[in-house]
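S.K.: This structure is in structure tokens; I'll ask about it shortly.
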Amino acid sequence: ILKKIQPETIPHLTNLLKEHAVKVSRSANFTLEFKSHGKPVQLSADIQNAVFYAFYEILNNVEKHSKASLVKIRVIWSEAFLDISVTDNGIGFDPRSVNADEHFGLEILQERIARLNGQLSMNSSADSGTLVSISVPFQLRDKEAHEQ
């Protein structure tokens, strides 16, 4: 049914991610390195939306806070997972010092990826840039798929 609803002319998720990254790199004035590896898989609309939203939020944080001059994005399509990493050479931050009451975006991001049975990891410290990675399975488990 989803294939009938979503025509073949809709750009693939990798293309949407790249288009958005290029747009943000222009407005934030950083150099972008975008690489995709593996054979893309047509994901469900729910997974695509959640992944794009997470990617959007990650780049939004880079644009607002990092002061980066270089951002490297890797999209890897493996046999069962989509892995995306975003690395910047910006100012970084101490994740322990983030006040969850004022900056709840990271928590929401974590929850959205967890709903997809995925993983989100972040590595940053002051003056060292930031690496954010997400890994999402191509399919939800049957129980979770029915709850969504």
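In the structure tokens, chains take the letters A, B, ... in the order shown, each chain's residues start at 1, and ligands count up from 1 in the order shown.
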Step one, run DSSP on the backbone; step two, keep only residues of segment 1-122 of chain A assigned to strand (DSSP E); then write them as a list in words.
M.R.: Thr31, Leu32, Glu33, Phe34, Lys35, Ser36, His37, Leu70, Val71, Lys72, Ile73, Arg74, Val75, Ile76, Trp77, Phe81, Leu82, Asp83, Ile84, Ser85, Val86, Thr87, Asp88, Gln119, Leu120, Ser121 and Met122 of chain A
S.K.: For Ser135 of chain A, work out the shell of residues within 7 Å, counting only C-alpha atoms and skipping chain neighbours fewer than 3 positions away, then give it as a PyMOL selection string.
M.R.: chain A and resi 81-84+118-120
S.K.: I'd like the contact shell of segment 70-80 of chain A - 10 Å cut-off, only C-alpha atoms, skipping same-chain residues fewer than 6 positions apart - returned as an NGL selection string.
M.R.: :A and (14 or 17-18 or 21 or 25 or 29-41 or 59 or 62 or 86-90 or 129-139)
S.K.: Those same residues - N, CA, C and O atoms - I'd like them written as a short mmCIF file (atom, residue, chain, number, x, y, z; two decimals), in the first residue's frame.
M.R.:
```
data_model
loop_
_atom_site.label_atom_id
_atom_site.label_comp_id
_atom_site.auth_asym_id
_atom_site.auth_seq_id
_atom_site.Cartn_x
_atom_site.Cartn_y
_atom_site.Cartn_z
N THR A 14 18.33 9.27 1.12
CA THR A 14 19.70 9.78 1.03
C THR A 14 19.73 11.13 0.32
O THR A 14 20.41 12.06 0.75
N LEU A 17 18.37 13.82 2.64
CA LEU A 17 19.36 14.16 3.66
C LEU A 17 20.44 15.07 3.08
O LEU A 17 20.82 16.07 3.68
N LYS A 18 20.90 14.72 1.89
CA LYS A 18 21.96 15.52 1.27
C LYS A 18 21.46 16.92 0.92
O LYS A 18 22.15 17.91 1.18
N ALA A 21 21.33 18.91 4.06
CA ALA A 21 22.68 19.22 4.54
C ALA A 21 23.31 20.35 3.72
O ALA A 21 23.95 21.24 4.27
N SER A 25 24.45 23.88 5.19
CA SER A 25 25.87 24.27 5.06
C SER A 25 25.99 25.66 4.45
O SER A 25 26.88 26.43 4.82
N ASN A 29 27.37 28.50 6.67
CA ASN A 29 28.70 28.78 6.12
C ASN A 29 29.77 27.81 6.61
O ASN A 29 30.81 28.21 7.11
N PHE A 30 29.49 26.49 6.50
CA PHE A 30 30.52 25.50 6.78
C PHE A 30 30.73 24.64 5.53
O PHE A 30 29.87 24.54 4.66
N THR A 31 31.92 24.04 5.45
CA THR A 31 32.24 23.11 4.36
C THR A 31 31.59 21.78 4.69
O THR A 31 31.65 21.31 5.83
N LEU A 32 30.96 21.18 3.69
CA LEU A 32 30.24 19.93 3.88
C LEU A 32 30.93 18.81 3.12
O LEU A 32 31.24 18.95 1.94
N GLU A 33 31.15 17.69 3.80
CA GLU A 33 31.57 16.44 3.15
C GLU A 33 30.46 15.44 3.40
O GLU A 33 30.22 15.05 4.54
N PHE A 34 29.77 15.04 2.34
CA PHE A 34 28.65 14.11 2.46
C PHE A 34 28.98 12.87 1.65
O PHE A 34 29.24 12.96 0.44
N LYS A 35 28.98 11.71 2.30
CA LYS A 35 29.26 10.45 1.60
C LYS A 35 28.21 9.42 1.98
O LYS A 35 27.81 9.32 3.14
N SER A 36 27.79 8.66 0.99
CA SER A 36 26.84 7.58 1.21
C SER A 36 27.45 6.28 0.69
O SER A 36 28.07 6.27 -0.38
N HIS A 37 27.30 5.22 1.48
CA HIS A 37 27.85 3.91 1.12
C HIS A 37 26.75 2.86 1.21
O HIS A 37 25.86 2.96 2.05
N GLY A 38 26.83 1.85 0.37
CA GLY A 38 25.87 0.76 0.40
C GLY A 38 24.69 1.03 -0.51
O GLY A 38 24.56 2.09 -1.11
N LYS A 39 23.84 0.03 -0.58
CA LYS A 39 22.66 0.11 -1.45
C LYS A 39 21.46 0.60 -0.64
O LYS A 39 21.02 -0.07 0.30
N PRO A 40 20.90 1.78 -0.99
CA PRO A 40 19.74 2.30 -0.26
C PRO A 40 18.55 1.35 -0.31
O PRO A 40 18.34 0.63 -1.29
N VAL A 41 17.79 1.36 0.76
CA VAL A 41 16.62 0.52 0.92
C VAL A 41 15.41 1.43 1.09
O VAL A 41 15.50 2.46 1.75
N LEU A 59 21.45 18.60 12.58
CA LEU A 59 22.04 19.72 11.82
C LEU A 59 21.59 21.07 12.37
O LEU A 59 22.35 22.04 12.31
N VAL A 62 23.98 21.77 15.05
CA VAL A 62 25.28 22.16 14.48
C VAL A 62 25.22 23.63 14.06
O VAL A 62 26.11 24.42 14.38
N VAL A 86 27.26 12.32 11.97
CA VAL A 86 27.49 13.73 11.69
C VAL A 86 28.61 14.18 12.62
O VAL A 86 28.47 14.13 13.85
N THR A 87 29.73 14.59 12.03
CA THR A 87 30.90 15.03 12.79
C THR A 87 31.19 16.47 12.43
O THR A 87 31.22 16.82 11.25
N ASP A 88 31.39 17.30 13.46
CA ASP A 88 31.76 18.68 13.18
C ASP A 88 33.04 19.03 13.92
O ASP A 88 33.41 18.37 14.89
N ASN A 89 33.72 20.05 13.43
CA ASN A 89 34.96 20.51 14.06
C ASN A 89 34.73 21.76 14.89
O ASN A 89 35.63 22.56 15.09
N GLY A 90 33.52 21.90 15.40
CA GLY A 90 33.15 23.09 16.14
C GLY A 90 33.67 23.14 17.57
O GLY A 90 34.58 22.40 17.95
N GLY A 129 34.81 19.61 19.11
CA GLY A 129 33.83 19.22 18.11
C GLY A 129 32.87 18.19 18.67
O GLY A 129 32.94 17.82 19.84
N THR A 130 31.99 17.71 17.80
CA THR A 130 30.96 16.78 18.23
C THR A 130 30.75 15.71 17.16
O THR A 130 30.80 15.99 15.97
N LEU A 131 30.49 14.48 17.62
CA LEU A 131 30.10 13.38 16.75
C LEU A 131 28.76 12.86 17.25
O LEU A 131 28.62 12.51 18.42
N VAL A 132 27.77 12.86 16.36
CA VAL A 132 26.46 12.29 16.68
C VAL A 132 26.21 11.17 15.67
O VAL A 132 26.35 11.37 14.47
N SER A 133 25.85 10.00 16.19
CA SER A 133 25.58 8.85 15.33
C SER A 133 24.21 8.27 15.65
O SER A 133 23.83 8.20 16.82
N ILE A 134 23.51 7.89 14.59
CA ILE A 134 22.26 7.15 14.78
C ILE A 134 22.34 5.88 13.96
O ILE A 134 22.95 5.84 12.89
N SER A 135 21.74 4.83 14.51
CA SER A 135 21.67 3.55 13.83
C SER A 135 20.25 3.04 13.99
O SER A 135 19.74 2.92 15.11
N VAL A 136 19.60 2.77 12.86
CA VAL A 136 18.19 2.40 12.87
C VAL A 136 18.01 1.13 12.03
O VAL A 136 18.48 1.07 10.89
N PRO A 137 17.32 0.12 12.60
CA PRO A 137 17.05 -1.08 11.80
C PRO A 137 16.04 -0.75 10.69
O PRO A 137 15.22 0.17 10.84
N PHE A 138 16.12 -1.48 9.60
CA PHE A 138 15.22 -1.22 8.48
C PHE A 138 13.76 -1.50 8.81
O PHE A 138 12.87 -0.89 8.25
N GLN A 139 13.52 -2.44 9.70
CA GLN A 139 12.14 -2.78 10.01
C GLN A 139 11.93 -2.78 11.51
O GLN A 139 12.79 -3.20 12.28
#
```
S.K.: List every residue of segment 4-137 of chain A that DSSP, applied to the backbone of this structure, places in helix (DSSP H, G or I), and write the result as a PyMOL selection string.
M.R.: chain A and resi 4-5+13-28+45-66+95-97+105-115
S.K.: Using only C-alpha atoms, tabulate the residues of segment 61-120 of chain A lying at most 9 Å from any atom of segment 42-57 of chain A, each with its closest atom pair and that distance in Å to one decimal, by chain and increasing residue number, as JSON lines.
M.R.:
```
{"residue": "A:Asn61", "atom": "CA", "partner": "A:Glu57", "partner_atom": "CA", "distance": 6.2}
{"residue": "A:Val62", "atom": "CA", "partner": "A:Glu57", "partner_atom": "CA", "distance": 8.6}
{"residue": "A:Ile84", "atom": "CA", "partner": "A:Phe55", "partner_atom": "CA", "distance": 8.4}
{"residue": "A:Val86", "atom": "CA", "partner": "A:Phe55", "partner_atom": "CA", "distance": 8.7}
{"residue": "A:Gly105", "atom": "CA", "partner": "A:Glu57", "partner_atom": "CA", "distance": 7.7}
{"residue": "A:Leu106", "atom": "CA", "partner": "A:Glu57", "partner_atom": "CA", "distance": 8.6}
{"residue": "A:Leu109", "atom": "CA", "partner": "A:Ala54", "partner_atom": "CA", "distance": 6.0}
{"residue": "A:Gln110", "atom": "CA", "partner": "A:Ala54", "partner_atom": "CA", "distance": 8.8}
{"residue": "A:Arg112", "atom": "CA", "partner": "A:Ala50", "partner_atom": "CA", "distance": 6.7}
{"residue": "A:Ile113", "atom": "CA", "partner": "A:Ala50", "partner_atom": "CA", "distance": 7.2}
{"residue": "A:Leu116", "atom": "CA", "partner": "A:Ile47", "partner_atom": "CA", "distance": 7.0}
```
S.K.: Could you write out that same residue set with C-alpha atoms as a PDB file, in the first residue's frame?
M.R.:
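New file again-v1.pdb:
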```pdb
ATOM      1  CA  ASN A  61      22.123  21.983  16.610  1.00  0.00           C
ATOM      2  CA  VAL A  62      25.277  22.159  14.482  1.00  0.00           C
ATOM      3  CA  ILE A  84      24.219   8.061   9.926  1.00  0.00           C
ATOM      4  CA  VAL A  86      27.489  13.731  11.693  1.00  0.00           C
ATOM      5  CA  GLY A 105      15.829  18.519  22.158  1.00  0.00           C
ATOM      6  CA  LEU A 106      18.493  15.886  22.790  1.00  0.00           C
ATOM      7  CA  LEU A 109      15.824  12.959  19.746  1.00  0.00           C
ATOM      8  CA  GLN A 110      16.913  10.001  21.894  1.00  0.00           C
ATOM      9  CA  ARG A 112      12.385   9.155  18.734  1.00  0.00           C
ATOM     10  CA  ILE A 113      15.302   6.945  17.738  1.00  0.00           C
ATOM     11  CA  LEU A 116      12.496   2.762  16.080  1.00  0.00           C
TER      12      LEU A 116
END
```
S.K.: Provide the atom CA of Asn123 of chain A to atom CA of Asp94 of chain A distance in Å, to one decimal place.
M.R.: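 Atom-to-atom, atom CA of Asn123 of chain A to atom CA of Asp94 of chain A, that is 9.1 Å.
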S.K.: Name the closest residue to Ala28 of chain A among the candidates A:Lys64, A:Ala114, A:His12, A:Ser124; distances are taken between atoms, counting only C-alpha atoms.
M.R.: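 The closest residue to Ala28 of chain A is A:Lys64.
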S.K.: Between atom CA of Ala126 of chain A and atom CA of Ser66 of chain A, what is the distance in Å, rounded to a tenth?
M.R.: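 A separation of 10.3 Å between them.
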